[in-house]
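**Student:** So I've got this file, query23.cif, and it contains mmCIF, C-alpha atoms (C1' of nucleotides):
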```
data_query
#
loop_
_atom_site.label_atom_id
_atom_site.label_comp_id
_atom_site.auth_asym_id
_atom_site.auth_seq_id
_atom_site.Cartn_x
_atom_site.Cartn_y
_atom_site.Cartn_z
CA MET S 1209 -63.23 90.27 -36.43
CA LYS S 1210 -60.20 88.56 -37.87
CA ILE S 1211 -59.11 85.08 -36.93
CA ALA S 1212 -56.47 86.25 -34.46
CA GLU S 1213 -59.04 88.13 -32.45
CA VAL S 1214 -61.45 85.21 -32.39
CA SER S 1215 -58.58 82.94 -31.39
CA GLU S 1216 -57.69 85.28 -28.56
CA ARG S 1217 -61.25 85.76 -27.40
CA TYR S 1218 -62.20 82.09 -27.24
CA GLY S 1219 -58.84 80.57 -26.49
CA ILE S 1220 -58.77 78.46 -29.64
CA SER S 1221 -55.76 78.60 -31.94
CA SER S 1222 -56.16 80.03 -35.45
CA ASP S 1223 -55.06 76.68 -36.79
CA THR S 1224 -57.84 74.96 -34.92
CA LEU S 1225 -60.39 77.52 -36.06
CA ARG S 1226 -59.42 76.93 -39.69
CA TYR S 1227 -59.38 73.19 -39.08
CA TYR S 1228 -62.89 73.30 -37.63
CA GLU S 1229 -64.07 75.18 -40.66
CA ARG S 1230 -62.53 72.89 -43.21
CA ILE S 1231 -63.96 69.75 -41.65
CA GLY S 1232 -67.40 71.38 -41.53
CA LEU S 1233 -67.64 71.79 -37.78
CA ILE S 1234 -68.20 75.48 -38.33
CA PRO S 1235 -70.01 76.65 -41.46
CA PRO S 1236 -67.93 78.74 -43.87
CA VAL S 1237 -67.03 82.04 -42.29
CA ASN S 1238 -67.66 85.29 -44.11
CA ARG S 1239 -64.64 86.64 -46.01
CA CYS S 1240 -63.56 90.11 -46.98
CA LYS S 1241 -62.71 90.76 -50.67
CA SER S 1242 -59.11 89.67 -50.28
CA GLY S 1243 -60.17 86.30 -48.90
CA ILE S 1244 -59.44 86.93 -45.25
CA ARG S 1245 -61.93 85.54 -42.75
CA ASP S 1246 -64.09 88.19 -41.17
CA TYR S 1247 -65.94 86.60 -38.25
CA ARG S 1248 -69.35 88.06 -37.56
CA ASP S 1249 -71.40 87.75 -34.41
CA ILE S 1250 -73.03 84.58 -35.62
CA ASP S 1251 -69.67 83.03 -36.39
CA GLY S 1252 -68.46 83.93 -32.92
CA ARG S 1253 -71.46 82.31 -31.32
CA ARG S 1254 -70.91 79.19 -33.38
CA VAL S 1255 -67.31 79.03 -32.26
CA GLU S 1256 -68.39 79.45 -28.67
CA PHE S 1257 -70.94 76.67 -28.97
CA ILE S 1258 -68.41 74.28 -30.48
CA LYS S 1259 -65.85 75.20 -27.89
CA CYS S 1260 -68.32 74.42 -25.15
CA MET S 1261 -69.35 71.08 -26.67
CA ARG S 1262 -65.76 70.05 -27.34
CA SER S 1263 -64.66 71.03 -23.86
CA ALA S 1264 -67.10 68.44 -22.56
CA GLY S 1265 -65.68 65.85 -24.91
CA LEU S 1266 -68.48 65.58 -27.45
CA PRO S 1267 -66.95 63.92 -30.48
CA ILE S 1268 -66.28 66.05 -33.51
CA GLU S 1269 -68.09 63.61 -35.74
CA ALA S 1270 -71.39 63.99 -33.87
CA LEU S 1271 -71.02 67.75 -33.90
CA ILE S 1272 -70.34 67.81 -37.63
CA GLU S 1273 -73.49 65.81 -38.18
CA TYR S 1274 -75.47 68.18 -35.99
CA VAL S 1275 -74.09 71.26 -37.69
CA GLY S 1276 -74.85 69.72 -41.08
CA LEU S 1277 -78.45 69.14 -40.09
CA VAL S 1278 -78.84 72.69 -38.87
CA GLN S 1279 -77.74 73.92 -42.31
CA GLN S 1280 -80.43 71.78 -43.92
CA GLY S 1281 -83.23 73.64 -42.20
CA ASP S 1282 -86.38 72.86 -40.31
CA GLN S 1283 -87.14 69.37 -41.47
CA THR S 1284 -84.14 68.10 -39.53
CA ILE S 1285 -85.27 69.33 -36.14
CA GLU S 1286 -86.11 65.89 -34.81
CA ALA S 1287 -82.89 64.35 -36.03
CA ARG S 1288 -80.98 67.14 -34.36
CA LYS S 1289 -82.87 66.66 -31.14
CA ASP S 1290 -82.00 62.96 -31.24
CA ILE S 1291 -78.31 63.72 -31.59
CA LEU S 1292 -78.41 66.11 -28.68
CA ILE S 1293 -80.27 63.62 -26.52
CA GLU S 1294 -77.84 60.84 -27.35
CA GLN S 1295 -74.84 63.02 -26.60
CA ARG S 1296 -76.46 64.27 -23.44
CA GLU S 1297 -76.85 60.70 -22.22
CA LEU S 1298 -73.29 59.80 -23.08
CA LEU S 1299 -72.08 62.91 -21.30
CA ALA S 1300 -74.13 62.15 -18.20
CA ALA S 1301 -72.72 58.62 -18.19
CA ARG S 1302 -69.15 59.89 -18.40
CA MET S 1303 -69.81 62.30 -15.56
CA LYS S 1304 -71.16 59.50 -13.42
CA GLU S 1305 -67.98 57.49 -14.01
CA MET S 1306 -65.93 60.53 -13.15
CA GLN S 1307 -67.86 61.08 -9.95
CA LYS S 1308 -67.04 57.53 -8.87
CA THR S 1309 -63.40 58.13 -9.57
CA LEU S 1310 -63.48 61.47 -7.80
CA ASP S 1311 -64.89 59.81 -4.69
CA ILE S 1312 -62.18 57.19 -4.77
CA LEU S 1313 -59.50 59.83 -5.22
CA ASP S 1314 -60.89 61.80 -2.31
CA HIS S 1315 -60.83 58.74 -0.16
CA LYS S 1316 -57.29 57.84 -1.16
CA ILE S 1317 -56.12 61.40 -0.56
CA GLU S 1318 -57.62 61.33 2.89
CA VAL S 1319 -55.86 58.07 3.65
CA TYR S 1320 -52.59 59.56 2.43
CA GLU S 1321 -53.17 62.63 4.56
CA ASN S 1322 -53.45 60.43 7.61
CA ALA S 1323 -50.35 58.55 6.59
CA VAL S 1324 -48.42 61.77 6.26
CA LEU S 1325 -49.61 62.97 9.64
CA LYS S 1326 -48.61 59.72 11.25
CA LYS S 1327 -45.23 59.94 9.63
CA GLU S 1328 -44.79 63.49 10.88
CA LYS S 1329 -45.55 62.39 14.39
CA GLU S 1330 -42.85 59.78 13.92
CA MET S 1331 -45.07 56.91 14.80
CA ILE S 1332 -44.25 53.31 14.17
CA GLN S 1333 -45.43 52.23 10.73
CA THR S 1334 -47.64 53.88 8.14
CA GLU S 1335 -47.78 50.73 6.02
CA ASP S 1336 -51.10 49.39 7.27
CA GLN S 1337 -52.69 52.86 7.20
CA VAL S 1338 -52.31 53.16 3.44
CA PRO S 1339 -53.61 50.04 1.80
CA GLU S 1340 -51.26 49.91 -1.17
CA ILE S 1341 -53.37 48.25 -3.72
CA ILE S 1342 -50.90 49.35 -6.31
CA MET Q 1315 -56.26 33.84 -13.53
CA LYS Q 1316 -55.03 34.06 -17.11
CA ILE Q 1317 -55.16 37.18 -19.18
CA ALA Q 1318 -58.34 36.19 -21.01
CA GLU Q 1319 -60.24 35.91 -17.76
CA VAL Q 1320 -58.98 39.24 -16.47
CA SER Q 1321 -59.86 40.79 -19.80
CA GLU Q 1322 -63.37 39.38 -19.53
CA ARG Q 1323 -63.87 40.35 -15.92
CA TYR Q 1324 -62.77 43.97 -16.23
CA GLY Q 1325 -63.74 44.65 -19.82
CA ILE Q 1326 -60.22 45.46 -20.93
CA SER Q 1327 -58.71 43.72 -23.95
CA SER Q 1328 -55.76 41.38 -23.48
CA ASP Q 1329 -53.78 43.63 -25.78
CA THR Q 1330 -54.47 46.58 -23.53
CA LEU Q 1331 -53.59 44.63 -20.42
CA ARG Q 1332 -50.23 43.66 -21.92
CA TYR Q 1333 -49.76 47.22 -23.13
CA TYR Q 1334 -50.41 48.61 -19.65
CA GLU Q 1335 -47.86 46.24 -18.24
CA ARG Q 1336 -45.15 47.02 -20.73
CA ILE Q 1337 -45.44 50.77 -20.27
CA GLY Q 1338 -45.30 50.31 -16.50
CA LEU Q 1339 -48.86 51.26 -15.74
CA ILE Q 1340 -49.27 47.92 -14.03
CA PRO Q 1341 -46.29 46.33 -12.29
CA PRO Q 1342 -45.04 43.05 -13.80
CA VAL Q 1343 -47.63 40.35 -13.38
CA ASN Q 1344 -46.70 37.01 -11.90
CA ARG Q 1345 -45.91 34.32 -14.50
CA CYS Q 1346 -46.17 30.55 -14.48
CA LYS Q 1347 -43.09 28.54 -15.50
CA SER Q 1348 -43.95 28.64 -19.18
CA GLY Q 1349 -44.07 32.42 -19.10
CA ILE Q 1350 -47.82 32.85 -19.19
CA ARG Q 1351 -49.25 35.61 -17.04
CA ASP Q 1352 -51.04 34.36 -13.95
CA TYR Q 1353 -52.93 37.28 -12.43
CA ARG Q 1354 -53.31 37.16 -8.67
CA ASP Q 1355 -55.74 39.07 -6.51
CA ILE Q 1356 -53.38 42.00 -6.16
CA ASP Q 1357 -52.92 42.18 -9.93
CA GLY Q 1358 -56.67 42.17 -10.38
CA ARG Q 1359 -57.08 45.03 -7.93
CA ARG Q 1360 -54.38 46.99 -9.72
CA VAL Q 1361 -56.14 46.48 -13.02
CA GLU Q 1362 -59.40 47.60 -11.49
CA PHE Q 1363 -57.81 50.73 -10.06
CA ILE Q 1364 -56.25 51.66 -13.38
CA LYS Q 1365 -59.47 50.96 -15.21
CA CYS Q 1366 -61.30 53.29 -12.85
CA MET Q 1367 -58.73 56.08 -13.17
CA ARG Q 1368 -58.55 55.75 -16.94
CA SER Q 1369 -62.33 55.73 -17.27
CA ALA Q 1370 -62.30 59.18 -15.72
CA GLY Q 1371 -59.66 60.33 -18.18
CA LEU Q 1372 -56.63 60.52 -15.91
CA PRO Q 1373 -53.63 60.60 -18.22
CA ILE Q 1374 -51.54 57.45 -18.46
CA GLU Q 1375 -48.38 59.43 -17.81
CA ALA Q 1376 -49.56 60.64 -14.40
CA LEU Q 1377 -50.67 57.14 -13.49
CA ILE Q 1378 -47.34 55.65 -14.51
CA GLU Q 1379 -45.60 58.15 -12.29
CA TYR Q 1380 -47.89 57.33 -9.40
CA VAL Q 1381 -47.45 53.58 -9.84
CA GLY Q 1382 -43.70 54.05 -10.03
CA LEU Q 1383 -43.71 55.93 -6.73
CA VAL Q 1384 -45.76 53.25 -5.04
CA GLN Q 1385 -43.11 50.69 -6.04
CA GLN Q 1386 -40.46 52.84 -4.41
CA GLY Q 1387 -42.00 52.53 -0.99
CA ASP Q 1388 -42.88 54.76 1.90
CA GLN Q 1389 -40.67 57.75 1.32
CA THR Q 1390 -42.76 58.66 -1.72
CA ILE Q 1391 -46.04 59.01 0.13
CA GLU Q 1392 -46.16 62.78 -0.09
CA ALA Q 1393 -45.23 62.86 -3.75
CA ARG Q 1394 -48.00 60.35 -4.42
CA LYS Q 1395 -50.48 62.40 -2.46
CA ASP Q 1396 -49.52 65.45 -4.52
CA ILE Q 1397 -50.17 63.60 -7.76
CA LEU Q 1398 -53.56 62.43 -6.56
CA ILE Q 1399 -54.48 65.93 -5.42
CA GLU Q 1400 -53.44 67.46 -8.71
CA GLN Q 1401 -55.37 64.91 -10.71
CA ARG Q 1402 -58.34 65.30 -8.43
CA GLU Q 1403 -58.39 69.03 -9.13
CA LEU Q 1404 -58.08 68.53 -12.86
CA LEU Q 1405 -60.87 65.98 -12.76
CA ALA Q 1406 -63.14 68.28 -10.76
CA ALA Q 1407 -62.46 71.06 -13.26
CA ARG Q 1408 -63.35 68.84 -16.20
CA MET Q 1409 -66.55 67.80 -14.47
CA LYS Q 1410 -67.50 71.42 -13.90
CA GLU Q 1411 -67.03 72.14 -17.62
CA MET Q 1412 -69.12 69.11 -18.44
CA GLN Q 1413 -71.87 70.22 -16.11
CA LYS Q 1414 -72.05 73.54 -17.92
CA THR Q 1415 -72.31 71.74 -21.23
CA LEU Q 1416 -74.91 69.36 -19.84
CA ASP Q 1417 -77.06 72.29 -18.75
CA ILE Q 1418 -76.81 73.86 -22.16
CA LEU Q 1419 -77.68 70.58 -23.84
CA ASP Q 1420 -80.68 70.17 -21.56
CA HIS Q 1421 -81.84 73.64 -22.42
CA LYS Q 1422 -81.39 73.10 -26.13
CA ILE Q 1423 -83.21 69.77 -25.98
CA GLU Q 1424 -86.10 71.41 -24.24
CA VAL Q 1425 -86.26 74.11 -26.87
CA TYR Q 1426 -86.21 71.45 -29.58
CA GLU Q 1427 -88.97 69.58 -27.79
CA ASN Q 1428 -91.14 72.66 -27.92
CA ALA Q 1429 -90.28 73.16 -31.55
CA VAL Q 1430 -91.31 69.61 -32.35
CA LEU Q 1431 -94.56 70.00 -30.45
CA LYS Q 1432 -95.34 73.21 -32.27
CA LYS Q 1433 -94.60 71.52 -35.55
CA GLU Q 1434 -96.90 68.64 -34.65
CA LYS Q 1435 -99.69 71.03 -33.87
CA GLU Q 1436 -99.07 72.51 -37.33
CA MET Q 1437 -98.61 76.00 -36.04
CA ILE Q 1438 -97.22 78.83 -38.03
CA GLN Q 1439 -93.44 78.99 -37.72
CA THR Q 1440 -90.98 77.24 -35.42
CA GLU Q 1441 -88.10 79.42 -36.55
CA ASP Q 1442 -88.19 81.89 -33.72
CA GLN Q 1443 -88.76 79.17 -31.14
CA VAL Q 1444 -85.44 77.51 -31.83
CA PRO Q 1445 -82.73 80.11 -31.83
CA GLU Q 1446 -80.41 78.58 -34.38
CA ILE Q 1447 -77.10 79.80 -33.24
CA ILE Q 1448 -75.47 77.29 -35.46
"C1'" DC K 1046 -41.31 100.70 -53.94
"C1'" DC K 1047 -40.15 97.48 -50.77
"C1'" DT K 1048 -40.45 95.22 -46.41
"C1'" DT K 1049 -43.10 93.42 -42.76
"C1'" DG K 1050 -46.60 90.90 -40.80
"C1'" DA K 1051 -50.96 88.70 -40.61
"C1'" DC K 1052 -53.44 86.18 -43.33
"C1'" DT K 1053 -54.33 82.16 -46.92
"C1'" DT K 1054 -54.06 77.00 -48.58
"C1'" DG K 1055 -53.13 71.95 -48.78
"C1'" DG K 1056 -50.72 68.64 -46.84
"C1'" DA K 1057 -47.74 66.49 -43.52
"C1'" DG K 1058 -46.51 65.64 -38.69
"C1'" DT K 1059 -47.57 64.78 -33.73
"C1'" DC K 1060 -49.64 62.99 -29.64
"C1'" DG K 1061 -52.16 59.94 -26.54
"C1'" DA K 1062 -53.96 55.69 -26.25
"C1'" DC K 1063 -54.67 51.91 -27.84
"C1'" DT K 1064 -55.06 47.84 -31.43
"C1'" DC K 1065 -53.35 44.67 -34.60
"C1'" DC K 1066 -50.10 41.52 -36.52
"C1'" DA K 1067 -46.40 38.11 -37.64
"C1'" DG K 1068 -43.86 34.76 -35.93
"C1'" DG K 1069 -42.97 31.78 -32.09
"C1'" DT K 1070 -43.93 28.60 -27.76
"C1'" DG K 1071 -46.14 25.30 -24.82
"C1'" DA K 1072 -50.05 22.48 -23.04
"C1'" DT K 1073 -53.94 19.78 -24.09
"C1'" DA K 1074 -57.17 16.84 -27.25
"C1'" DC K 1075 -57.51 13.44 -30.47
"C1'" DG L 1317 -47.25 12.79 -32.88
"C1'" DT L 1318 -49.64 16.38 -34.75
"C1'" DA L 1319 -53.28 19.77 -34.71
"C1'" DT L 1320 -55.38 23.31 -32.11
"C1'" DC L 1321 -55.51 26.94 -29.11
"C1'" DA L 1322 -54.32 30.46 -25.95
"C1'" DC L 1323 -50.62 32.54 -24.88
"C1'" DC L 1324 -46.07 35.18 -25.76
"C1'" DT L 1325 -43.01 39.27 -27.92
"C1'" DG L 1326 -41.62 43.39 -30.49
"C1'" DG L 1327 -43.02 46.33 -33.61
"C1'" DA L 1328 -46.15 48.52 -36.76
"C1'" DG L 1329 -50.69 50.54 -37.65
"C1'" DT L 1330 -54.86 53.26 -36.42
"C1'" DC L 1331 -57.76 56.84 -34.67
"C1'" DG L 1332 -59.29 61.31 -32.99
"C1'" DA L 1333 -57.97 65.73 -32.66
"C1'" DC L 1334 -55.27 68.78 -33.44
"C1'" DT L 1335 -50.69 71.33 -34.79
"C1'" DC L 1336 -47.16 72.65 -37.79
"C1'" DC L 1337 -45.17 73.92 -42.13
"C1'" DA L 1338 -44.02 75.72 -46.83
"C1'" DA L 1339 -45.29 78.60 -50.20
"C1'" DG L 1340 -48.10 82.22 -51.55
"C1'" DT L 1341 -51.11 86.80 -51.15
"C1'" DC L 1342 -52.29 91.28 -49.64
"C1'" DA L 1343 -52.52 95.79 -46.90
"C1'" DA L 1344 -50.11 99.14 -44.40
"C1'" DG L 1345 -45.82 101.63 -42.78
"C1'" DG L 1346 -41.33 103.71 -43.67
#
```
What does this structure look like when you write it as structure tokens?
**Tutor:**
Amino acid sequence: MKIAEVSERYGISSDTLRYYERIGLIPPVNRCKSGIRDYRDIDGRRVEFIKCMRSAGLPIEALIEYVGLVQQGDQTIEARKDILIEQRELLAARMKEMQKTLDILDHKIEVYENAVLKKEKEMIQTEDQVPEII
Amino acid sequence: MKIAEVSERYGISSDTLRYYERIGLIPPVNRCKSGIRDYRDIDGRRVEFIKCMRSAGLPIEALIEYVGLVQQGDQTIEARKDILIEQRELLAARMKEMQKTLDILDHKIEVYENAVLKKEKEMIQTEDQVPEII
DNA sequence: CCTTGACTTGGAGTCGACTCCAGGTGATAC
DNA sequence: GTATCACCTGGAGTCGACTCCAAGTCAAGG
């Protein structure tokens, strides 16, 4: 699989794929004799993993460290686990924040909905229905 | 309330507070005669709202637009609602992605846990217990 | 054989969101 | 009255994460 196909399949630009490789986020990809990247199954799965982690906002630096440890073999298993646990906690914390915000947005949207309805019914004032904190 | 106190209370640097104001993310804050910002209740609530939205990753640009509409009064209610709904959907989508990643992390952590246990019990090989996709 | 097109590299540019800084002002403390 | 301190402004710098570009290579088609 050449880079264009991988790019297509995972929705990551070729530039980004090469970038990930040169910063060590993805281990060196297999090449054909003329130097062109020839992604194998394993490379594809690595790309997919990184895509997934990045889509959740895990920082590149932490992922590079993790990937580096994996390359070093078995004696790094605990260190790797620690990284994953730390990132898992950070992720859970971000999600909690987001849930709070989502709830507030839902509430505000509901209030706006009521305001719109009132307006449509041509009632007096919508002002005090939508507390304009901002 | 001066900027330092607001900064302290909401955990946002004074620099960031001034930055938010100059880009229009927060409407101009009240000043005392000598030109020093004197945050009132309403300003505080605006800061809190922005902090909440930003903590969930809502883009500054969308928030500036929203804030601008609020300043323009009632006839922008529907446009504001639309922005909130759009951002709500984007937020929900990001959270869904993150949940997927969280599940994968949890699974990987569990697998690592088993690998560590096996290692501690000095059993044969952990290799095939931890599928090293990367 | 030559053109085309997808690939290669290293390096520079961009973008969002801050963060820092120099130079200046005004109120309070000694 | 002068030193200190928090504040002010406009502008420059930083950071993470790409994204773009110029210049070069190679395989395949006409």
**Student:** Counting only C-alpha atoms (C1' of nucleotides), collect the residues of chain Q whose closest atom lies at most 12 Å from chain L, and write them out as a list in words.
**Tutor:**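 Close enough to count are Lys1316, Ile1317, Ala1318, Glu1319, Ser1328, Asp1329, Arg1332, Tyr1333, Arg1336, Arg1345, Cys1346, Ser1348, Gly1349, Ile1350, Arg1351 and Asp1352 of chain Q.
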**Student:** Can you work out which residues from chain Q touch chain S at a cut-off of 7 Å (counting only C-alpha atoms) and hand them back as a VMD selection string?
**Tutor:** chain Q and resid 1356 1359 to 1360 1366 to 1367 1369 to 1370 1381 1384 1391 to 1392 1395 1398 to 1399 1402 1409 1411 to 1412 1415 to 1416 1419 1423 1426 1430 1447 to 1448
**Student:** Using only C-alpha atoms, please write the residues we just selected to a file, as a compact mmCIF listing (two decimals), in the frame of the given file.
**Tutor:**
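Done, and the output landed in result-v3.txt:
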```txt
# COMPACT_ATOMS: atom_id res chain seq x y z
CA ILE Q 1356 -53.38 42.00 -6.16
CA ARG Q 1359 -57.08 45.03 -7.93
CA ARG Q 1360 -54.38 46.99 -9.72
CA CYS Q 1366 -61.30 53.29 -12.85
CA MET Q 1367 -58.73 56.08 -13.17
CA SER Q 1369 -62.33 55.73 -17.27
CA ALA Q 1370 -62.30 59.18 -15.72
CA VAL Q 1381 -47.45 53.58 -9.84
CA VAL Q 1384 -45.76 53.25 -5.04
CA ILE Q 1391 -46.04 59.01 0.13
CA GLU Q 1392 -46.16 62.78 -0.09
CA LYS Q 1395 -50.48 62.40 -2.46
CA LEU Q 1398 -53.56 62.43 -6.56
CA ILE Q 1399 -54.48 65.93 -5.42
CA ARG Q 1402 -58.34 65.30 -8.43
CA MET Q 1409 -66.55 67.80 -14.47
CA GLU Q 1411 -67.03 72.14 -17.62
CA MET Q 1412 -69.12 69.11 -18.44
CA THR Q 1415 -72.31 71.74 -21.23
CA LEU Q 1416 -74.91 69.36 -19.84
CA LEU Q 1419 -77.68 70.58 -23.84
CA ILE Q 1423 -83.21 69.77 -25.98
CA TYR Q 1426 -86.21 71.45 -29.58
CA VAL Q 1430 -91.31 69.61 -32.35
CA ILE Q 1447 -77.10 79.80 -33.24
CA ILE Q 1448 -75.47 77.29 -35.46
```
**Student:** Given all atoms listed in the file, how would the per-residue table for chain K near chain S read, listing every residue at most 9 Å away with its closest atom pair and distance in Å to one decimal, sorted by chain and number, as a Markdown table?
**Tutor:**
```
| residue | atom | partner | partner_atom | distance |
| --- | --- | --- | --- | --- |
| K:DA1051 | C1' | S:Ala1212 | CA | 8.6 |
| K:DC1052 | C1' | S:Ile1244 | CA | 6.3 |
| K:DT1053 | C1' | S:Ile1244 | CA | 7.2 |
```
**Student:** Rank Q:Pro1342, Q:Gln1386, Q:Tyr1334, Q:Glu1379 by their smallest atom-to-atom distance to DA1062 in chain K, using only C-alpha atoms (C1' of nucleotides), and report the top residue only.
**Tutor:** Q:Tyr1334
**Student:** What does the structure give for the distance between CA of Tyr1353 in chain Q and C1' of DG1068 in chain K, in Å to one decimal?
**Tutor:**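 A separation of 25.3 Å between them.
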**Student:** In Å, how far is it from CA of Ile1220 in chain S to C1' of DT1059 in chain K?
**Tutor:**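 Separation of CA of Ile1220 in chain S and C1' of DT1059 in chain K: 18.1 Å.
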**Student:** Please indicate the distance in Å from CA of Thr1330 in chain Q to C1' of DT1064 in chain K, rounded to one decimal place.
**Tutor:** 8.0 Å
**Student:** Could you name the residues that touch DG1061 in chain K at 10 Å or less, counting only C-alpha atoms (C1' of nucleotides), but leaving out those on the same chain fewer than 4 positions away, as a list of chain:residue names?
**Tutor:** Q:Pro1373, Q:Ile1374, Q:Glu1375, L:DG1332
**Student:** Generate the coordinates of N, CA and C atoms for range 1237-1256 of chain S; report them as a CSV table (one decimal), keeping the file's coordinate frame.
**Tutor:**
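So the final result, stored in out-v5.csv, reads:
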```
chain,number,residue,atom,x,y,z
S,1237,VAL,N,-67.0,80.7,-42.9
S,1237,VAL,CA,-67.0,82.0,-42.3
S,1237,VAL,C,-67.0,83.1,-43.4
S,1238,ASN,N,-67.7,84.2,-43.2
S,1238,ASN,CA,-67.7,85.3,-44.1
S,1238,ASN,C,-66.2,85.7,-44.4
S,1239,ARG,N,-66.0,86.2,-45.6
S,1239,ARG,CA,-64.6,86.6,-46.0
S,1239,ARG,C,-64.7,88.1,-46.5
S,1240,CYS,N,-63.6,88.8,-46.3
S,1240,CYS,CA,-63.6,90.1,-47.0
S,1240,CYS,C,-63.0,89.9,-48.4
S,1241,LYS,N,-63.1,90.9,-49.2
S,1241,LYS,CA,-62.7,90.8,-50.7
S,1241,LYS,C,-61.4,90.0,-50.9
S,1242,SER,N,-60.4,90.3,-50.0
S,1242,SER,CA,-59.1,89.7,-50.3
S,1242,SER,C,-59.0,88.2,-49.8
S,1243,GLY,N,-60.2,87.7,-49.3
S,1243,GLY,CA,-60.2,86.3,-48.9
S,1243,GLY,C,-59.9,86.0,-47.4
S,1244,ILE,N,-59.7,87.1,-46.7
S,1244,ILE,CA,-59.4,86.9,-45.2
S,1244,ILE,C,-60.7,86.8,-44.5
S,1245,ARG,N,-60.7,85.8,-43.5
S,1245,ARG,CA,-61.9,85.5,-42.8
S,1245,ARG,C,-62.3,86.8,-41.9
S,1246,ASP,N,-63.6,87.1,-42.0
S,1246,ASP,CA,-64.1,88.2,-41.2
S,1246,ASP,C,-65.3,87.7,-40.3
S,1247,TYR,N,-64.9,87.2,-39.1
S,1247,TYR,CA,-65.9,86.6,-38.2
S,1247,TYR,C,-67.0,87.6,-37.8
S,1248,ARG,N,-68.2,87.2,-38.0
S,1248,ARG,CA,-69.4,88.1,-37.6
S,1248,ARG,C,-69.8,87.5,-36.2
S,1249,ASP,N,-70.8,88.2,-35.7
S,1249,ASP,CA,-71.4,87.8,-34.4
S,1249,ASP,C,-71.8,86.3,-34.4
S,1250,ILE,N,-72.5,85.9,-35.5
S,1250,ILE,CA,-73.0,84.6,-35.6
S,1250,ILE,C,-71.9,83.6,-35.6
S,1251,ASP,N,-70.8,83.9,-36.3
S,1251,ASP,CA,-69.7,83.0,-36.4
S,1251,ASP,C,-69.1,82.9,-35.0
S,1252,GLY,N,-69.0,84.0,-34.3
S,1252,GLY,CA,-68.5,83.9,-32.9
S,1252,GLY,C,-69.3,83.0,-32.0
S,1253,ARG,N,-70.6,83.1,-32.2
S,1253,ARG,CA,-71.5,82.3,-31.3
S,1253,ARG,C,-71.3,80.8,-31.7
S,1254,ARG,N,-71.1,80.6,-33.0
S,1254,ARG,CA,-70.9,79.2,-33.4
S,1254,ARG,C,-69.6,78.6,-32.8
S,1255,VAL,N,-68.6,79.4,-32.8
S,1255,VAL,CA,-67.3,79.0,-32.3
S,1255,VAL,C,-67.5,78.7,-30.8
S,1256,GLU,N,-68.2,79.6,-30.1
S,1256,GLU,CA,-68.4,79.4,-28.7
S,1256,GLU,C,-69.1,78.2,-28.4
```
